[in-house]
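What follows is structure_35.csv (CSV, C-alpha atoms).
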```
chain,number,residue,atom,x,y,z
A,253,MET,CA,-3.6,-183.2,123.9
A,254,SER,CA,-6.8,-183.2,125.8
A,255,SER,CA,-7.2,-179.4,125.5
A,256,LYS,CA,-6.6,-179.7,121.8
A,257,HIS,CA,-9.2,-182.3,121.6
A,258,PHE,CA,-11.8,-179.8,122.9
A,259,LEU,CA,-10.6,-176.9,120.8
A,260,THR,CA,-10.4,-178.6,117.4
A,261,PRO,CA,-13.7,-179.9,116.0
A,262,SER,CA,-13.5,-183.5,115.1
A,263,PRO,CA,-13.4,-183.9,111.3
A,264,SER,CA,-16.5,-186.1,111.4
A,265,ALA,CA,-18.6,-183.5,113.2
A,266,PRO,CA,-22.0,-183.7,111.6
A,267,VAL,CA,-22.3,-180.3,110.0
A,268,ALA,CA,-25.0,-180.3,107.4
A,269,VAL,CA,-23.9,-178.5,104.3
A,270,ARG,CA,-27.0,-178.1,102.2
A,271,ARG,CA,-27.0,-176.6,98.7
A,272,ALA,CA,-29.7,-175.4,96.6
A,273,GLY,CA,-29.1,-175.7,92.9
A,274,PRO,CA,-29.7,-172.9,90.5
A,275,GLY,CA,-33.4,-172.2,90.2
A,276,GLU,CA,-34.3,-174.4,93.2
A,277,LYS,CA,-35.8,-173.0,96.3
A,278,PRO,CA,-33.5,-173.1,99.3
A,279,PRO,CA,-34.6,-174.8,102.5
A,280,HIS,CA,-37.1,-172.8,104.5
A,281,ASP,CA,-34.6,-172.6,107.4
A,282,PHE,CA,-31.9,-171.4,105.1
A,283,GLY,CA,-30.9,-168.6,107.5
A,284,THR,CA,-29.9,-171.1,110.2
A,285,THR,CA,-27.4,-173.1,108.1
A,286,PRO,CA,-24.5,-174.1,110.4
A,287,GLY,CA,-21.4,-172.2,109.5
A,288,GLY,CA,-23.4,-169.3,108.2
A,289,THR,CA,-24.5,-168.3,104.8
A,290,ILE,CA,-23.1,-166.0,102.2
A,291,PHE,CA,-25.5,-163.4,103.6
A,292,GLY,CA,-25.3,-162.7,107.3
A,293,THR,CA,-28.8,-163.3,108.6
A,294,THR,CA,-30.6,-162.4,111.8
A,295,PRO,CA,-31.4,-165.2,114.1
A,296,GLY,CA,-34.5,-167.0,112.9
A,297,GLY,CA,-34.8,-164.6,110.0
A,298,THR,CA,-33.6,-164.1,106.5
A,299,ARG,CA,-32.7,-160.5,106.6
A,300,ILE,CA,-29.9,-159.8,104.1
A,301,ILE,CA,-27.2,-158.1,105.9
A,302,TYR,CA,-23.8,-157.0,104.7
A,303,THR,CA,-20.8,-155.8,106.8
A,304,LYS,CA,-19.1,-152.6,105.8
A,305,ASP,CA,-16.2,-154.6,104.5
A,306,ALA,CA,-18.3,-156.9,102.4
A,307,LEU,CA,-20.0,-153.8,100.8
A,308,LEU,CA,-16.6,-152.1,100.3
A,309,ASN,CA,-15.3,-155.2,98.5
A,310,LEU,CA,-18.2,-155.2,96.1
A,311,SER,CA,-17.5,-151.6,95.2
A,312,ARG,CA,-14.7,-152.8,93.0
A,313,SER,CA,-17.0,-155.0,91.0
A,314,PRO,CA,-17.1,-154.0,87.3
A,315,LEU,CA,-20.9,-153.9,87.7
A,316,ALA,CA,-20.5,-151.2,90.3
A,317,GLN,CA,-18.7,-148.7,88.1
A,318,THR,CA,-21.3,-147.5,85.7
A,319,PRO,CA,-24.4,-145.6,86.8
A,320,PRO,CA,-27.4,-147.8,86.8
A,321,LYS,CA,-30.2,-147.2,84.3
A,322,GLY,CA,-32.4,-144.4,85.4
A,323,LEU,CA,-30.0,-142.3,87.4
A,324,ALA,CA,-31.4,-138.8,87.1
A,325,TYR,CA,-29.5,-136.2,85.1
A,326,ILE,CA,-28.7,-133.4,87.5
A,327,PRO,CA,-25.9,-131.1,86.3
A,328,GLY,CA,-23.1,-130.8,88.7
A,329,VAL,CA,-24.4,-133.7,90.8
A,330,THR,CA,-24.7,-136.9,88.8
A,331,ASN,CA,-22.2,-138.1,86.3
A,332,VAL,CA,-24.8,-139.0,83.7
A,333,PRO,CA,-24.6,-137.8,80.1
A,334,ARG,CA,-27.1,-135.2,79.2
A,335,PRO,CA,-30.1,-137.2,78.1
A,336,LYS,CA,-30.2,-137.4,74.3
A,337,GLU,CA,-32.3,-140.4,73.4
A,338,ALA,CA,-34.8,-140.2,76.2
A,339,PRO,CA,-36.5,-136.9,75.3
A,340,LYS,CA,-37.3,-138.1,71.8
A,341,ARG,CA,-40.4,-136.0,71.9
A,342,VAL,CA,-38.2,-132.9,72.1
A,343,GLU,CA,-36.3,-134.0,69.1
A,344,LYS,CA,-39.4,-134.5,67.2
A,345,LYS,CA,-40.6,-131.1,68.1
A,346,VAL,CA,-37.3,-129.7,66.9
A,347,GLU,CA,-37.6,-131.5,63.6
A,348,LYS,CA,-41.0,-130.2,62.9
A,349,PRO,CA,-40.1,-126.5,62.8
A,350,GLU,CA,-37.0,-127.2,60.8
A,351,PRO,CA,-38.8,-128.2,57.6
A,352,SER,CA,-41.1,-125.3,57.8
A,353,LYS,CA,-38.1,-122.9,58.1
A,354,LYS,CA,-36.6,-124.5,55.1
A,355,GLU,CA,-39.8,-124.0,53.2
A,356,ASP,CA,-39.8,-120.4,54.2
A,357,LYS,CA,-36.3,-120.0,53.1
A,358,ASP,CA,-37.1,-121.7,49.8
A,359,ASP,CA,-40.0,-119.4,49.3
A,360,LEU,CA,-37.9,-116.4,50.0
A,361,PHE,CA,-35.2,-117.7,47.7
A,362,ASP,CA,-37.7,-118.3,44.9
A,363,MET,CA,-39.1,-114.8,45.4
A,364,GLU,CA,-35.6,-113.3,45.2
A,365,ILE,CA,-35.0,-115.0,41.9
B,224,MET,CA,-35.9,-150.2,86.7
B,225,ALA,CA,-35.9,-153.9,87.3
B,226,THR,CA,-38.1,-154.9,90.1
B,227,THR,CA,-36.7,-158.0,91.6
B,228,ALA,CA,-33.9,-158.7,94.0
B,229,ALA,CA,-30.7,-160.0,92.4
B,230,SER,CA,-28.7,-163.1,92.9
B,231,LEU,CA,-25.0,-163.1,93.6
B,232,SER,CA,-22.1,-162.3,91.5
B,233,ALA,CA,-19.8,-163.5,94.3
B,234,THR,CA,-16.9,-161.2,93.8
B,235,ASP,CA,-15.9,-161.4,97.4
B,236,ASP,CA,-14.0,-164.0,99.2
B,237,SER,CA,-16.8,-164.9,101.6
B,238,PHE,CA,-18.3,-166.9,98.8
B,239,GLN,CA,-15.6,-169.6,98.9
B,240,ASN,CA,-16.3,-171.0,102.3
B,241,GLY,CA,-18.7,-173.8,101.3
B,242,ALA,CA,-21.8,-171.8,102.1
B,243,PRO,CA,-24.8,-172.9,100.1
B,244,HIS,CA,-25.5,-171.1,96.9
B,245,PRO,CA,-28.4,-168.7,97.4
B,246,SER,CA,-30.9,-169.0,94.7
B,247,ASN,CA,-34.0,-167.7,96.5
B,248,HIS,CA,-33.7,-164.4,94.8
B,249,ASN,CA,-34.6,-163.7,91.2
B,250,PRO,CA,-31.7,-162.3,89.4
B,251,ILE,CA,-31.3,-159.0,87.8
B,252,ALA,CA,-29.4,-158.9,84.7
B,253,GLU,CA,-27.8,-155.8,83.4
B,254,SER,CA,-27.7,-155.4,79.7
B,255,ASP,CA,-24.5,-154.7,77.9
B,256,THR,CA,-25.3,-151.0,77.5
B,257,PRO,CA,-26.6,-150.0,80.9
B,258,ARG,CA,-26.4,-146.3,80.2
B,259,THR,CA,-28.7,-146.1,77.2
B,260,SER,CA,-32.0,-144.9,78.2
B,261,SER,CA,-34.7,-147.3,77.5
B,262,PRO,CA,-38.2,-146.1,76.7
B,263,GLU,CA,-39.7,-149.4,78.0
B,264,PRO,CA,-37.8,-150.4,81.0
B,265,ASP,CA,-40.1,-153.1,82.0
B,266,GLN,CA,-39.8,-155.1,78.8
B,267,VAL,CA,-36.1,-154.7,78.9
B,268,SER,CA,-35.8,-156.1,82.4
B,269,ASP,CA,-37.9,-159.1,81.4
B,270,ASP,CA,-35.5,-159.8,78.6
B,271,GLU,CA,-32.5,-159.4,80.8
B,272,SER,CA,-33.6,-161.7,83.6
B,273,SER,CA,-33.5,-164.6,81.1
B,274,SER,CA,-29.9,-163.9,80.3
B,275,PHE,CA,-28.4,-163.2,83.8
B,276,LYS,CA,-25.1,-164.8,84.4
B,277,THR,CA,-23.3,-165.4,87.7
B,278,ILE,CA,-19.5,-165.3,87.9
B,279,PHE,CA,-19.6,-169.1,87.8
B,280,ASP,CA,-21.4,-169.1,84.5
B,281,ASP,CA,-19.0,-166.5,82.9
B,282,PRO,CA,-16.1,-165.1,84.9
B,283,LYS,CA,-15.8,-162.1,82.6
B,284,ASN,CA,-19.3,-161.1,81.5
B,285,PHE,CA,-21.3,-162.0,84.6
B,286,ASN,CA,-24.1,-159.6,85.4
B,287,ALA,CA,-25.8,-161.0,88.5
B,288,LYS,CA,-25.8,-158.6,91.5
B,289,HIS,CA,-26.1,-158.8,95.3
B,290,PRO,CA,-29.6,-158.1,96.5
B,291,LEU,CA,-30.3,-155.6,99.3
B,292,GLN,CA,-32.8,-156.3,102.0
B,293,ASN,CA,-34.6,-153.0,101.1
B,294,ARG,CA,-35.0,-150.8,98.1
B,295,TRP,CA,-33.4,-147.4,98.8
B,296,THR,CA,-34.3,-144.2,97.1
B,297,MET,CA,-31.6,-141.5,96.8
B,298,TRP,CA,-32.7,-137.8,96.7
B,299,PHE,CA,-30.9,-134.6,96.2
B,300,ASP,CA,-32.0,-131.1,97.0
B,301,ASN,CA,-30.7,-127.6,97.3
B,302,PRO,CA,-33.6,-125.5,98.4
B,303,GLY,CA,-31.9,-122.2,98.5
B,304,LYS,CA,-33.1,-119.3,100.7
B,305,ARG,CA,-36.5,-118.7,99.4
B,306,THR,CA,-37.8,-121.9,100.6
B,307,ASN,CA,-40.4,-122.6,103.3
B,308,GLN,CA,-42.2,-125.5,104.6
B,309,HIS,CA,-44.7,-125.5,101.8
B,310,ASN,CA,-42.6,-125.3,98.7
B,311,TRP,CA,-39.5,-127.1,100.0
B,312,SER,CA,-40.4,-130.4,98.5
B,313,ASN,CA,-40.6,-128.9,95.0
B,314,ASN,CA,-36.8,-128.8,95.0
B,315,LEU,CA,-36.5,-132.4,96.0
B,316,LYS,CA,-35.1,-134.5,93.2
B,317,ASN,CA,-35.4,-138.2,93.1
B,318,LEU,CA,-32.1,-139.6,91.8
B,319,ILE,CA,-32.9,-143.2,91.6
B,320,THR,CA,-34.0,-146.3,93.6
B,321,VAL,CA,-31.6,-149.2,94.0
B,322,ASP,CA,-32.0,-152.7,95.3
B,323,THR,CA,-28.6,-154.2,94.8
B,324,VAL,CA,-25.2,-153.6,96.2
B,325,GLU,CA,-23.7,-153.0,92.8
B,326,ASP,CA,-26.3,-150.5,91.7
B,327,PHE,CA,-25.8,-148.6,94.9
B,328,TRP,CA,-22.1,-148.4,94.1
B,329,GLY,CA,-22.9,-147.5,90.5
B,330,VAL,CA,-24.8,-144.5,91.9
B,331,TYR,CA,-22.3,-143.6,94.6
B,332,ASN,CA,-19.4,-143.8,92.1
B,333,ASN,CA,-21.2,-141.5,89.7
B,334,VAL,CA,-22.5,-138.7,91.9
B,335,VAL,CA,-20.5,-135.8,93.4
B,336,LYS,CA,-19.1,-136.5,96.8
B,337,ALA,CA,-21.1,-134.8,99.6
B,338,SER,CA,-18.2,-132.6,100.5
B,339,GLN,CA,-18.1,-131.2,96.9
B,340,LEU,CA,-21.8,-130.1,97.0
B,341,THR,CA,-22.6,-126.4,97.2
B,342,HIS,CA,-23.9,-125.0,100.5
B,343,GLY,CA,-27.5,-125.7,101.2
B,344,SER,CA,-27.3,-129.1,99.4
B,345,ASN,CA,-28.6,-132.3,100.9
B,346,TYR,CA,-28.3,-135.9,99.9
B,347,HIS,CA,-31.0,-138.1,101.3
B,348,ILE,CA,-31.1,-141.9,101.1
B,349,PHE,CA,-34.4,-143.4,102.4
B,350,LYS,CA,-36.2,-146.6,102.1
B,351,GLU,CA,-38.4,-146.7,99.1
B,352,GLY,CA,-41.8,-145.3,99.9
B,353,VAL,CA,-40.5,-143.1,102.7
B,354,GLN,CA,-40.4,-139.5,101.6
B,355,PRO,CA,-37.5,-137.6,103.2
B,356,MET,CA,-39.8,-135.2,105.0
B,357,TRP,CA,-41.3,-134.9,108.5
B,358,GLU,CA,-44.8,-135.2,107.2
B,359,ASP,CA,-44.4,-138.7,105.7
B,360,PRO,CA,-46.4,-141.2,107.7
B,361,HIS,CA,-43.3,-143.3,108.3
B,362,ASN,CA,-41.6,-140.3,109.8
B,363,ALA,CA,-44.5,-138.7,111.5
B,364,ASN,CA,-43.8,-140.4,114.9
B,365,GLY,CA,-40.1,-140.5,114.3
B,366,GLY,CA,-37.1,-138.3,114.8
B,367,LYS,CA,-33.5,-138.1,114.0
B,368,TRP,CA,-30.0,-138.4,115.5
B,369,VAL,CA,-27.9,-135.5,114.4
B,370,VAL,CA,-24.2,-135.3,114.2
B,371,GLN,CA,-22.7,-131.8,113.7
B,372,LEU,CA,-19.5,-131.6,111.8
B,373,PRO,CA,-17.6,-128.4,112.1
B,374,LYS,CA,-15.5,-127.4,109.0
B,375,SER,CA,-12.4,-128.7,110.7
B,376,LYS,CA,-13.9,-132.2,110.3
B,377,ARG,CA,-14.7,-131.7,106.6
B,378,SER,CA,-12.2,-134.2,105.5
B,379,GLU,CA,-14.1,-136.9,107.4
B,380,LEU,CA,-17.5,-136.0,106.1
B,381,ASP,CA,-17.5,-138.2,103.0
B,382,GLN,CA,-16.3,-141.3,104.8
B,383,MET,CA,-18.8,-140.7,107.7
B,384,TRP,CA,-21.6,-140.3,105.2
B,385,LEU,CA,-20.5,-143.4,103.3
B,386,PHE,CA,-20.2,-145.6,106.3
B,387,SER,CA,-23.6,-144.4,107.6
B,388,VAL,CA,-25.2,-145.4,104.3
B,389,LEU,CA,-23.4,-148.7,104.2
B,390,ALA,CA,-24.7,-149.5,107.7
B,391,ALA,CA,-28.2,-148.7,106.6
B,392,ILE,CA,-28.3,-150.6,103.3
B,393,GLY,CA,-26.3,-153.4,104.9
B,394,GLU,CA,-28.9,-153.6,107.6
B,395,THR,CA,-26.4,-153.7,110.4
B,396,PHE,CA,-28.3,-151.4,112.8
B,397,PRO,CA,-29.6,-153.3,115.8
B,398,ASP,CA,-33.2,-152.7,114.8
B,399,SER,CA,-32.9,-151.9,111.2
B,400,ASP,CA,-36.7,-151.7,110.7
B,401,GLU,CA,-36.5,-148.6,112.8
B,402,ILE,CA,-34.2,-146.9,110.2
B,403,CYS,CA,-36.0,-144.6,107.8
B,404,GLY,CA,-33.1,-142.9,106.1
B,405,ILE,CA,-30.0,-140.8,106.3
B,406,VAL,CA,-29.4,-137.2,105.3
B,407,VAL,CA,-26.1,-135.3,104.8
B,408,SER,CA,-26.5,-131.5,104.8
B,409,ILE,CA,-23.8,-129.3,103.5
B,410,ARG,CA,-23.9,-125.9,105.2
B,411,LYS,CA,-21.8,-122.9,105.4
B,412,GLN,CA,-21.1,-123.1,109.2
B,413,GLN,CA,-21.1,-126.8,109.8
B,414,ASP,CA,-22.2,-129.8,108.0
B,415,ARG,CA,-24.7,-132.3,109.4
B,416,LEU,CA,-25.4,-136.0,109.2
B,417,SER,CA,-28.9,-137.1,110.3
B,418,LEU,CA,-30.1,-140.6,110.9
B,419,TRP,CA,-33.9,-140.7,110.7
B,420,THR,CA,-35.7,-143.4,112.7
B,421,LYS,CA,-39.3,-144.4,113.0
B,422,SER,CA,-40.3,-144.3,116.7
B,423,ALA,CA,-39.2,-141.3,118.6
B,424,LEU,CA,-41.0,-142.4,121.7
B,425,ASP,CA,-39.3,-145.8,121.9
B,426,GLU,CA,-36.3,-144.7,123.9
B,427,ASP,CA,-34.6,-148.0,124.0
B,428,LYS,CA,-34.8,-148.4,120.2
B,429,CYS,CA,-33.7,-144.8,119.7
B,430,ARG,CA,-30.7,-145.1,121.9
B,431,ALA,CA,-29.7,-148.5,120.4
B,432,SER,CA,-29.7,-146.9,116.9
B,433,GLY,CA,-27.8,-143.9,118.1
B,434,GLN,CA,-25.2,-145.9,120.0
B,435,HIS,CA,-24.7,-148.1,117.0
B,436,TRP,CA,-24.4,-145.1,114.7
B,437,LYS,CA,-21.7,-143.6,116.9
B,438,GLY,CA,-19.7,-146.8,116.4
B,439,VAL,CA,-20.2,-146.6,112.7
B,440,LEU,CA,-19.0,-143.0,112.7
B,441,GLY,CA,-16.1,-143.8,115.0
B,442,LEU,CA,-17.2,-141.3,117.6
B,443,GLY,CA,-15.8,-141.7,121.1
B,444,ASP,CA,-17.8,-141.7,124.3
B,445,GLY,CA,-17.0,-138.1,124.9
B,446,GLU,CA,-18.6,-137.0,121.7
B,447,LYS,CA,-22.3,-136.7,122.4
B,448,ILE,CA,-25.0,-136.8,119.7
B,449,GLY,CA,-28.6,-135.8,120.2
B,450,TYR,CA,-32.0,-137.1,119.1
B,451,GLN,CA,-34.8,-134.8,118.1
B,452,ALA,CA,-38.4,-135.6,117.4
B,453,HIS,CA,-39.8,-134.6,114.0
B,454,SER,CA,-42.9,-133.4,115.7
B,455,ASP,CA,-40.9,-130.7,117.4
B,456,ALA,CA,-39.3,-129.7,114.1
B,457,LEU,CA,-42.7,-129.5,112.4
B,458,ARG,CA,-44.1,-127.4,115.1
B,459,LYS,CA,-41.3,-124.9,115.1
B,460,ASN,CA,-40.6,-125.3,111.4
B,461,SER,CA,-37.0,-125.6,112.1
B,462,SER,CA,-34.7,-128.6,111.4
B,463,PHE,CA,-31.9,-128.2,113.8
B,464,SER,CA,-32.8,-125.8,116.6
B,465,ASN,CA,-34.8,-128.2,118.7
B,466,GLN,CA,-34.1,-129.7,122.1
B,467,ASP,CA,-32.7,-133.1,122.3
B,468,MET,CA,-35.0,-135.9,123.5
B,469,TYR,CA,-32.1,-138.2,124.1
B,470,THR,CA,-28.3,-138.1,123.9
B,471,VAL,CA,-25.8,-140.9,123.6
```
Show how you would write the structure in this file as structure tokens.
Amino acid sequence: MSSKHFLTPSPSAPVAVRRAGPGEKPPHDFGTTPGGTIFGTTPGGTRIIYTKDALLNLSRSPLAQTPPKGLAYIPGVTNVPRPKEAPKRVEKKVEKPEPSKKEDKDDLFDMEI
Amino acid sequence: MATTAASLSATDDSFQNGAPHPSNHNPIAESDTPRTSSPEPDQVSDDESSSFKTIFDDPKNFNAKHPLQNRWTMWFDNPGKRTNQHNWSNNLKNLITVDTVEDFWGVYNNVVKASQLTHGSNYHIFKEGVQPMWEDPHNANGGKWVVQLPKSKRSELDQMWLFSVLAAIGETFPDSDEICGIVVSIRKQQDRLSLWTKSALDEDKCRASGQHWKGVLGLGDGEKIGYQAHSDALRKNSSFSNQDMYTV
């Protein structure tokens, strides 16, 4: 009995659970919240640390599957579609010569007639 | 790129233990079409931040991500043979900079595994602002722990690389400010992992980083790894033929 008493925290132990609502600033000593925070933190600090397992868990998130915006296109290295929209300037350049070619062809065609 | 750290999406169980909800980080919201290239990323991210949703707001379409302590830039290079100290950096390709756990995985899940790269290739993941080269001011006084992986250990390479990166971005090294970045080098003879740290002359810090890294890699006491100063590499213009300053 007595040993249990020491091992089990009493239900009325004063553990402050503080919550910051959305948009509110958390307490300045957020990193020292009894019982820990969602982030592990260094003592006295607020460094955001993740264990390997925590990170591995997050790898299954649907947000972790698609490459983030801006991942460079490197053939054979990154699984990113060949940029199509980004080099719009290139497309414009391509467009310009096309009409002139058509005009040339038209001219030739006219001459042949 | 969005520029702020993200709030939580709380897809892991650790979220359920009555810990307070962190709202000290501005959220990053991902648009519905993350792949489309945007000509004006800044404007887009502004729009997104107003529409970020945690898993509590919308269990299916949440888009808030877990912030990392640091922003990390991933690089790729395969210099080839005709490279020297002066033109090496021309081959260095900046893949992306990430500052959330999910974006890191988004990159990791969409780049070729290190073991699949061609000989001579390197992945580098460094803190933003630190160039993965000896000459960078952050590295100038630093050095690196090097693990040599013979081809017989090829099957372990990807996991060792991943676990090293997770330890870095998860900030679990004993003095994580000392960590500059990590490199995986695919070579014909044997592959290498390198952990770059900031202060080569601070033996205690170096040893602490190296010791922790061995744990991350699952290396036993009998498997020694060595630490080399970048200044030696720069002087001899050679990455891996220098004497160890320390071993753990």
For B:Trp328, find every residue with an atom within 8 Å (counting all atoms listed in the file), except residues of its own chain fewer than 4 positions away, and show them as a PDB file with C-alpha atoms, keeping the file's coordinate frame.
```pdb
ATOM      1  CA  SER A 311     -17.500-151.600  95.200  1.00  0.00           C
ATOM      2  CA  ALA A 316     -20.500-151.200  90.300  1.00  0.00           C
ATOM      3  CA  GLN A 317     -18.700-148.700  88.100  1.00  0.00           C
TER       4      GLN A 317
ATOM      5  CA  VAL B 324     -25.200-153.600  96.200  1.00  0.00           C
ATOM      6  CA  ASN B 332     -19.400-143.800  92.100  1.00  0.00           C
TER       7      ASN B 332
END
```
Using all atoms listed in the file, can you list as a list in words the residues within 10 Å of (-24.1, -148.7, 105.5)?
Ile301, Tyr302, Thr303, Lys304, Asp305, Leu307 and Leu308 of chain A; Met383, Trp384, Leu385, Phe386, Ser387, Val388, Leu389, Ala390, Ala391, Ile392, Gly393, Glu394, Thr395, Phe396, Ile405, Trp436 and Val439 of chain B
Mind checking which residues fall within 7 Å of stretch 343-354 of chain B, counting all atoms listed in the file, ignoring those fewer than 5 positions away in the same chain, and posting them as a VMD selection string?
chain B and resid 293 to 303 359 361 403 to 410
Would you mind reading off the distance between atom CA of B:Ser338 and atom CA of B:Leu442, one decimal, in Å?
19.2 Å
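The space between atom CA of B:Met356 and atom CA of A:Pro335 spans 28.7 Å.
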In Å, rounded to a single decimal, give me how far atom CA of A:Ala324 is from atom CA of B:Leu318.
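Separating atom CA of B:Leu318 from atom CA of A:Ala324 is a distance of 4.8 Å.
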Between B:Pro290, B:Gly449, B:Gly366, B:Pro360, which residue has the minimum interatomic distance to chain A, considering all atoms listed in the file?
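Selected residue with least distance to chain A: B:Pro290.
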Nearby residues (only C-alpha atoms) at most 7 Å from B:Ala363, same-chain spacing under 6 positions excluded, as a ChimeraX atom specification
/B:357,453-454
Find the residue from B:Ala431, B:Leu340, B:Ala452, B:Val369 that sits nearest to A:Thr330; use all atoms listed in the file when measuring.
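Among the listed residues, the smallest separation from A:Thr330 belongs to B:Leu340.
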